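S.K.: Please find one structure pasted underneath; my questions will follow.
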Amino acid sequence: MTTALSGQEVSRQIGERFPDAVLQSDEAAVVLRGESLLEVAQFLKATPGLEFDYLTSISGVDYLDYLEVVYHLTSMKNNHSLVLKVRCWDRDKPSLPSVVSLWRGADLQEREAYDLVGIAFSGHPNLKRILLWEGFEGHPLRRDYL
Amino acid sequence: MEMMSVYSSLELDRAEGLAIDELIARSQQPIPDPDRWLEEERRPNVLITSVDAVLNWGRRSSVWPVNFGLACCAFEMIATAVSRFDIARFGMELFRASPRQADLMIVSGTLTWKMAPQLKRIYEQMPEPKWVLAMGVCAMSGGTFAGSYSVVPGVNRIVPVDVYVPGCPPRPEALLYGIGMLHQKIAKDSIAVKR
């Protein structure tokens, strides 16, 4: 069974390296600042003892006040997992750095979050709609859609 | 040398999007079910009725369905095809991978607007005479997704439907009953009537 790492414990390790990166943390998850996502993700992937080499899923969530992207990370090597969260307060032009350069599996899932929730991932090699067709108006999983 | 991209080109996507938007605009009203000829008064004609009898017997005894599984209903369709329910009893065991060899399209599952042009194309590639069976409430009316942003509210917006089988999903018995109704419908067909 994969061990779920404590968010607080991991955020302490992140904080030693990137003091401003973590917004808040609890047992379940680490909430990061959007602009530091890529460097923290690189740190989580490369640091011995963490080595999150596998991105299980990316989900986009609309909380009305802000949009959130949830990253489920897994380490195949150490058999543990972690939940990362990043928030966007700008509903009109939400933007986050893409993690495709680190985990190739992020490609389609970031496109899905872009398609349905409307979060633009900067640096994505092919950011366009994936489930809906080109020319569709709006992002249907936003809570203010319709 | 430039590397070939692994991604589809945006022009292709735009063309696809335009075709879908056009189809949505054209499909706002359901296509009437092709069954008016069932009620028509028919003058008995020795030659035509005997030809009809043989032809319709042949047609309804070997209705070959085209593979068109869209969602969870497809598994009930598959279950219908295997030994417990055994669709082969009705001469239908040959699920064709090619629409050109098929007579019946069992639309089993939720049809999205993105899939609709492909359904229409497969239907148009089937040779006459051809029939369509809408399996499950999603195919009938959009079901629980009717009014959604991406689901076709009934496949009769895209192709004319001969038999509707309700259920979510319908059990194999229900599908077999629907196929029985289709057989009855084919039995009433006549070469003298324009479909």
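The way I read the labels, and the way they are meant: chains A, B, ... in the order of the structure tokens, residue 1 as the first residue of every chain, and ligand 1 as the first ligand shown, with later ones counted on from there.
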Which residues, written as a compact mmCIF listing (two decimals) with N, CA and C atoms, in the first residue's frame, have at least one atom at most 10 Å from Gly105 in chain A, with only C-alpha atoms counted and residues fewer than 6 positions away on the same chain left out?
M.R.:
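So selection28.txt came out as:
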# COMPACT_ATOMS: atom_id res chain seq x y z
N TYR A 54 6.25 9.98 -10.71
CA TYR A 54 5.04 9.64 -11.44
C TYR A 54 3.91 10.58 -11.05
N LEU A 55 3.29 11.18 -12.06
CA LEU A 55 2.16 12.08 -11.82
C LEU A 55 0.86 11.30 -12.05
N THR A 56 0.15 11.03 -10.95
CA THR A 56 -1.04 10.19 -11.08
C THR A 56 -2.18 10.91 -11.77
N SER A 57 -2.47 12.14 -11.29
CA SER A 57 -3.56 12.85 -11.95
C SER A 57 -3.47 14.35 -11.71
N ILE A 58 -4.11 15.08 -12.61
CA ILE A 58 -4.29 16.52 -12.44
C ILE A 58 -5.77 16.79 -12.50
N VAL A 99 3.61 21.55 -16.16
CA VAL A 99 4.63 20.61 -15.66
C VAL A 99 4.92 19.49 -16.67
S.K.: Pull out every residue of chain B sitting within 6 Å of chain A, counting only C-alpha atoms, and send them as a ChimeraX atom specification.
M.R.: /B:13-14,17
S.K.: Env of Lys77 in chain A: 9 Å cut, atoms = only C-alpha atoms, seq-sep filter 5 positions within chain, self excluded. Answer as a VMD selection string.
M.R.: chain A and resid 50 to 53
S.K.: As an exercise, work out the distance from CA of Pro99 in chain B to CA of Met126 in chain B in Å and give it to one decimal place.
M.R.: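 Interatomic distance, CA of Pro99 in chain B to CA of Met126 in chain B: 4.9 Å.
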S.K.: Pick out each residue of range 28-146 of chain B that DSSP on the backbone tags as strand (DSSP E or B); I need them as number ranges by chain.
M.R.: B: 65-66, 69, 96, 104-108, 112, 131-135
S.K.: Since we have the selection now, will you write its residues out, keeping N, CA, C and O atoms, as a PDB file, in the first residue's frame?
M.R.:
ATOM      1  N   PRO B  65     -25.536  -6.775 -37.587  1.00  0.00           N
ATOM      2  CA  PRO B  65     -25.349  -5.458 -36.969  1.00  0.00           C
ATOM      3  C   PRO B  65     -23.928  -4.941 -37.169  1.00  0.00           C
ATOM      4  O   PRO B  65     -22.984  -5.714 -37.274  1.00  0.00           O
ATOM      5  N   VAL B  66     -23.806  -3.619 -37.226  1.00  0.00           N
ATOM      6  CA  VAL B  66     -22.487  -3.007 -37.281  1.00  0.00           C
ATOM      7  C   VAL B  66     -22.060  -2.715 -35.846  1.00  0.00           C
ATOM      8  O   VAL B  66     -22.879  -2.411 -34.984  1.00  0.00           O
ATOM      9  N   GLY B  69     -20.586   0.475 -30.446  1.00  0.00           N
ATOM     10  CA  GLY B  69     -20.712   0.612 -28.992  1.00  0.00           C
ATOM     11  C   GLY B  69     -20.184   1.962 -28.560  1.00  0.00           C
ATOM     12  O   GLY B  69     -19.072   2.323 -28.879  1.00  0.00           O
ATOM     13  N   ARG B  96     -20.392  -6.782 -37.619  1.00  0.00           N
ATOM     14  CA  ARG B  96     -19.441  -6.414 -38.652  1.00  0.00           C
ATOM     15  C   ARG B  96     -18.608  -5.216 -38.230  1.00  0.00           C
ATOM     16  O   ARG B  96     -19.120  -4.250 -37.667  1.00  0.00           O
ATOM     17  N   LEU B 104     -27.904  -3.393 -39.828  1.00  0.00           N
ATOM     18  CA  LEU B 104     -28.507  -2.775 -38.643  1.00  0.00           C
ATOM     19  C   LEU B 104     -27.432  -2.058 -37.846  1.00  0.00           C
ATOM     20  O   LEU B 104     -26.361  -2.604 -37.619  1.00  0.00           O
ATOM     21  N   MET B 105     -27.736  -0.831 -37.430  1.00  0.00           N
ATOM     22  CA  MET B 105     -26.832  -0.138 -36.529  1.00  0.00           C
ATOM     23  C   MET B 105     -27.484  -0.084 -35.154  1.00  0.00           C
ATOM     24  O   MET B 105     -28.539   0.525 -34.994  1.00  0.00           O
ATOM     25  N   ILE B 106     -26.869  -0.779 -34.175  1.00  0.00           N
ATOM     26  CA  ILE B 106     -27.345  -0.696 -32.800  1.00  0.00           C
ATOM     27  C   ILE B 106     -26.565   0.431 -32.136  1.00  0.00           C
ATOM     28  O   ILE B 106     -25.388   0.273 -31.829  1.00  0.00           O
ATOM     29  N   VAL B 107     -27.214   1.588 -31.958  1.00  0.00           N
ATOM     30  CA  VAL B 107     -26.535   2.713 -31.313  1.00  0.00           C
ATOM     31  C   VAL B 107     -26.654   2.502 -29.817  1.00  0.00           C
ATOM     32  O   VAL B 107     -27.675   2.758 -29.209  1.00  0.00           O
ATOM     33  N   SER B 108     -25.605   1.959 -29.208  1.00  0.00           N
ATOM     34  CA  SER B 108     -25.688   1.585 -27.807  1.00  0.00           C
ATOM     35  C   SER B 108     -24.887   2.563 -26.981  1.00  0.00           C
ATOM     36  O   SER B 108     -23.683   2.439 -26.846  1.00  0.00           O
ATOM     37  N   THR B 112     -22.354  11.847 -28.198  1.00  0.00           N
ATOM     38  CA  THR B 112     -21.958  13.245 -28.018  1.00  0.00           C
ATOM     39  C   THR B 112     -21.909  13.931 -29.371  1.00  0.00           C
ATOM     40  O   THR B 112     -21.814  13.271 -30.411  1.00  0.00           O
ATOM     41  N   TRP B 131     -31.359  -0.455 -41.088  1.00  0.00           N
ATOM     42  CA  TRP B 131     -32.195  -0.117 -39.937  1.00  0.00           C
ATOM     43  C   TRP B 131     -31.327   0.381 -38.798  1.00  0.00           C
ATOM     44  O   TRP B 131     -30.144   0.054 -38.717  1.00  0.00           O
ATOM     45  N   VAL B 132     -31.954   1.166 -37.923  1.00  0.00           N
ATOM     46  CA  VAL B 132     -31.237   1.705 -36.763  1.00  0.00           C
ATOM     47  C   VAL B 132     -32.020   1.368 -35.503  1.00  0.00           C
ATOM     48  O   VAL B 132     -33.246   1.528 -35.471  1.00  0.00           O
ATOM     49  N   LEU B 133     -31.321   0.854 -34.519  1.00  0.00           N
ATOM     50  CA  LEU B 133     -31.936   0.570 -33.235  1.00  0.00           C
ATOM     51  C   LEU B 133     -31.265   1.452 -32.180  1.00  0.00           C
ATOM     52  O   LEU B 133     -30.056   1.405 -32.018  1.00  0.00           O
ATOM     53  N   ALA B 134     -32.070   2.294 -31.511  1.00  0.00           N
ATOM     54  CA  ALA B 134     -31.527   3.149 -30.449  1.00  0.00           C
ATOM     55  C   ALA B 134     -31.645   2.399 -29.138  1.00  0.00           C
ATOM     56  O   ALA B 134     -32.731   2.098 -28.681  1.00  0.00           O
ATOM     57  N   MET B 135     -30.476   2.075 -28.562  1.00  0.00           N
ATOM     58  CA  MET B 135     -30.466   1.252 -27.352  1.00  0.00           C
ATOM     59  C   MET B 135     -30.182   2.138 -26.137  1.00  0.00           C
ATOM     60  O   MET B 135     -29.183   2.840 -26.099  1.00  0.00           O
TER      61      MET B 135
END
S.K.: Kindly give the distance, in Å, that separates CA of Glu112 in chain A and CA of Asn156 in chain B, rounded to a single decimal.
M.R.: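 Atom-to-atom, CA of Glu112 in chain A and CA of Asn156 in chain B are spaced 29.4 Å apart.
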S.K.: Set the distance at 12 Å and use only C-alpha atoms: which residues neighbour Asn78 in chain A once local chain neighbours fewer than 3 positions away are removed? I'd like the list as an MDAnalysis selection string.
M.R.: chainID A and resid 1:5 45 47:54 73:75 81:82
S.K.: Which residues, written as a PyMOL selection string, have at least one atom at most 12 Å from Ser83 in chain B, with only C-alpha atoms counted and residues fewer than 6 positions away on the same chain left out?
M.R.: chain B and resi 89+93+172
S.K.: For Ser190 in chain B, please output as a PyMOL selection string all residues within 9 Å (counting only C-alpha atoms; exclusion window: fewer than 6 positions along the same chain).
M.R.: chain B and resi 48-49+51-53+55-56
S.K.: Enter the distance from CA of Trp89 in chain A to CA of Asp65 in chain A, in Å, rounded to one decimal.
M.R.: 6.8 Å
S.K.: Using only C-alpha atoms, which of B:Leu175, B:Leu12, B:Met77, B:Val54 sits nearest Asp189 in chain B?
M.R.: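 With only C-alpha atoms as the atom set, the closest residue is B:Val54.
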S.K.: Between A:Arg111, A:Ala41, A:Asp92, A:Ile14, which is the closest to Gly138 in chain A once you count only C-alpha atoms?
M.R.: A:Asp92
